[in-house]
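First the structure, in the form of structure tokens, and then the observations on it.
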Amino acid sequence: MADTKTRHAKSSSKATPGRPFQPFSRAEAVRKKIELTQQEFADLLGIDPRTYTRRSEGAALKLGESLQVEMLDTILEEATRVFRDEDLARSWMHSRIISLDNERPLDHLVSIEGYERVKDALGKIEYGMY
């Protein structure tokens, strides 16, 4: 019988149906790419900053946290593709957007509905609807 730890170590760091939990290192990489403090990132994930710090001592985030990290990374990648510039995409994610109720795209990435709204806004930008 194959050792499950060995199998997981060889898999990618992205959440998949067979591996839904993100390693803490992936969360940190996304946090740094988006340029958020640990406090801001913890708030976005809906956890206490001390809990976020404790996650660094463990191997993985919880399922909901993992999905949020995946949404954040996916939106940054999509925004980078639409704007053709990661700095511009990052700036957009931190800016208040009229079509998102004058809130930042980051503020919407706490739910699937918000994620879909941000994706829709990027689609409209891409196709010149704004």
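Residues in the structure tokens are named by chain (A, B, ... in the order shown) and by number from 1 within that chain; ligands are numbered from 1 in the order shown.
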
Sort by chain and increasing residue number a table of all residues of range 33-61 of chain A within 12 Å of range 77-86 of chain A, each with its closest pair of atoms and their distance in Å to one decimal, counting only C-alpha atoms, and write it as a Markdown table.
| residue | atom | partner | partner_atom | distance |
| --- | --- | --- | --- | --- |
| A:Lys33 | CA | A:Glu86 | CA | 9.1 |
| A:Ile34 | CA | A:Glu86 | CA | 9.4 |
| A:Glu35 | CA | A:Glu86 | CA | 11.5 |

Expressed in Å, the length from CA of Pro23 in chain A to CA of Leu63 in chain A is 10.7 Å

For Ala27 in chain A, work out the shell of residues within 10 Å, counting only C-alpha atoms and skipping chain neighbours fewer than 5 positions away, then give it as a list of chain:residue names.
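Listed by chain and then number, they are A:Ser13, A:Gln22, A:Lys32, A:Lys33, A:Phe41, A:Tyr52, A:Arg55, A:Ser56, A:Ala60, A:Leu61, A:Glu65, A:Ser66, A:Gln68, A:Val69, A:Glu70, A:Leu72, A:Asp73.
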
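Closest approach to Ala42 in chain A from the set A:Ser99, A:Met71, A:Asp87, A:Val110 is made by A:Val110, with distances taken over only C-alpha atoms.
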
Which residues are near range 103-105 of chain A? Cut-off 12 Å, only C-alpha atoms, ignore same chain within fewer than 3 positions. Put them as a count of residues only.
32

From the DSSP assignment of the backbone, select every residue of chain A that is strand (DSSP E or B), and format the answer as a CSV table (one decimal) with all heavy atoms, in the first residue's frame.
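Contents of the output file result_24.csv:
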chain,number,residue,atom,x,y,z
A,16,THR,N,-6.9,20.7,-5.2
A,16,THR,CA,-7.6,19.8,-6.2
A,16,THR,C,-8.6,19.0,-5.5
A,16,THR,O,-8.6,18.9,-4.3
A,16,THR,CB,-6.6,18.9,-6.9
A,16,THR,OG1,-6.1,18.0,-6.0
A,16,THR,CG2,-5.5,19.7,-7.6
A,19,ARG,N,-6.9,16.8,-3.2
A,19,ARG,CA,-6.0,17.5,-2.3
A,19,ARG,C,-6.6,18.9,-2.0
A,19,ARG,O,-6.1,19.9,-2.6
A,19,ARG,CB,-4.6,17.6,-2.8
A,19,ARG,CG,-3.6,18.3,-1.9
A,19,ARG,CD,-2.3,18.4,-2.6
A,19,ARG,NE,-1.5,19.5,-1.9
A,19,ARG,CZ,-0.7,19.2,-0.9
A,19,ARG,NH1,-0.7,18.1,-0.4
A,19,ARG,NH2,-0.1,20.2,-0.4
A,23,PRO,N,-1.0,24.0,1.4
A,23,PRO,CA,0.0,24.2,2.5
A,23,PRO,C,0.2,25.6,2.8
A,23,PRO,O,-0.1,26.5,2.0
A,23,PRO,CB,1.3,23.7,1.8
A,23,PRO,CG,1.0,23.8,0.3
A,23,PRO,CD,-0.5,23.6,0.1
A,60,ALA,N,-1.0,22.5,6.8
A,60,ALA,CA,-2.0,23.0,5.8
A,60,ALA,C,-3.0,23.9,6.4
A,60,ALA,O,-3.3,23.9,7.6
A,60,ALA,CB,-2.7,21.7,5.1
A,97,ILE,N,-13.8,49.7,-6.9
A,97,ILE,CA,-14.3,49.6,-8.3
A,97,ILE,C,-15.8,49.9,-8.2
A,97,ILE,O,-16.6,49.3,-7.5
A,97,ILE,CB,-14.1,48.2,-8.8
A,97,ILE,CG1,-12.6,47.8,-8.7
A,97,ILE,CG2,-14.6,48.0,-10.3
A,97,ILE,CD1,-11.6,48.6,-9.5
A,103,GLU,N,-16.3,48.9,-3.8
A,103,GLU,CA,-15.4,48.1,-2.9
A,103,GLU,C,-14.3,47.5,-3.7
A,103,GLU,O,-14.3,47.5,-5.0
A,103,GLU,CB,-16.2,47.0,-2.3
A,103,GLU,CG,-17.3,47.5,-1.4
A,103,GLU,CD,-18.1,46.3,-0.8
A,103,GLU,OE1,-18.0,45.2,-1.3
A,103,GLU,OE2,-18.9,46.6,0.2

Could you go through chain A and tell me which residues DSSP, when run on the backbone, assigns to alpha helix (DSSP H), listing them as a PyMOL selection string?
chain A and resi 4-10+24-34+38-45+49-55+63-83+86-94+105-108+112-126

Quote the spacing between CA of Phe21 in chain A and CA of Lys62 in chain A in Å to one decimal place.
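These atoms are spaced 6.1 Å apart.
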
Selected residue, from A:Phe24, A:Asp101, A:Met129, A:Leu36, that lies nearest to Thr51 in chain A when counting only C-alpha atoms:
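Nearest to Thr51 in chain A: A:Phe24.
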
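Of the residues under consideration (A:Thr74, A:Tyr127, A:Leu106, A:Leu88), A:Leu106 shows the shortest atom-to-atom contact distance to Asp43 in chain A when counting only C-alpha atoms.
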
Å distance separating CA of Gly64 in chain A from CA of Ile47 in chain A, one decimal place
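It comes out at 10.7 Å.
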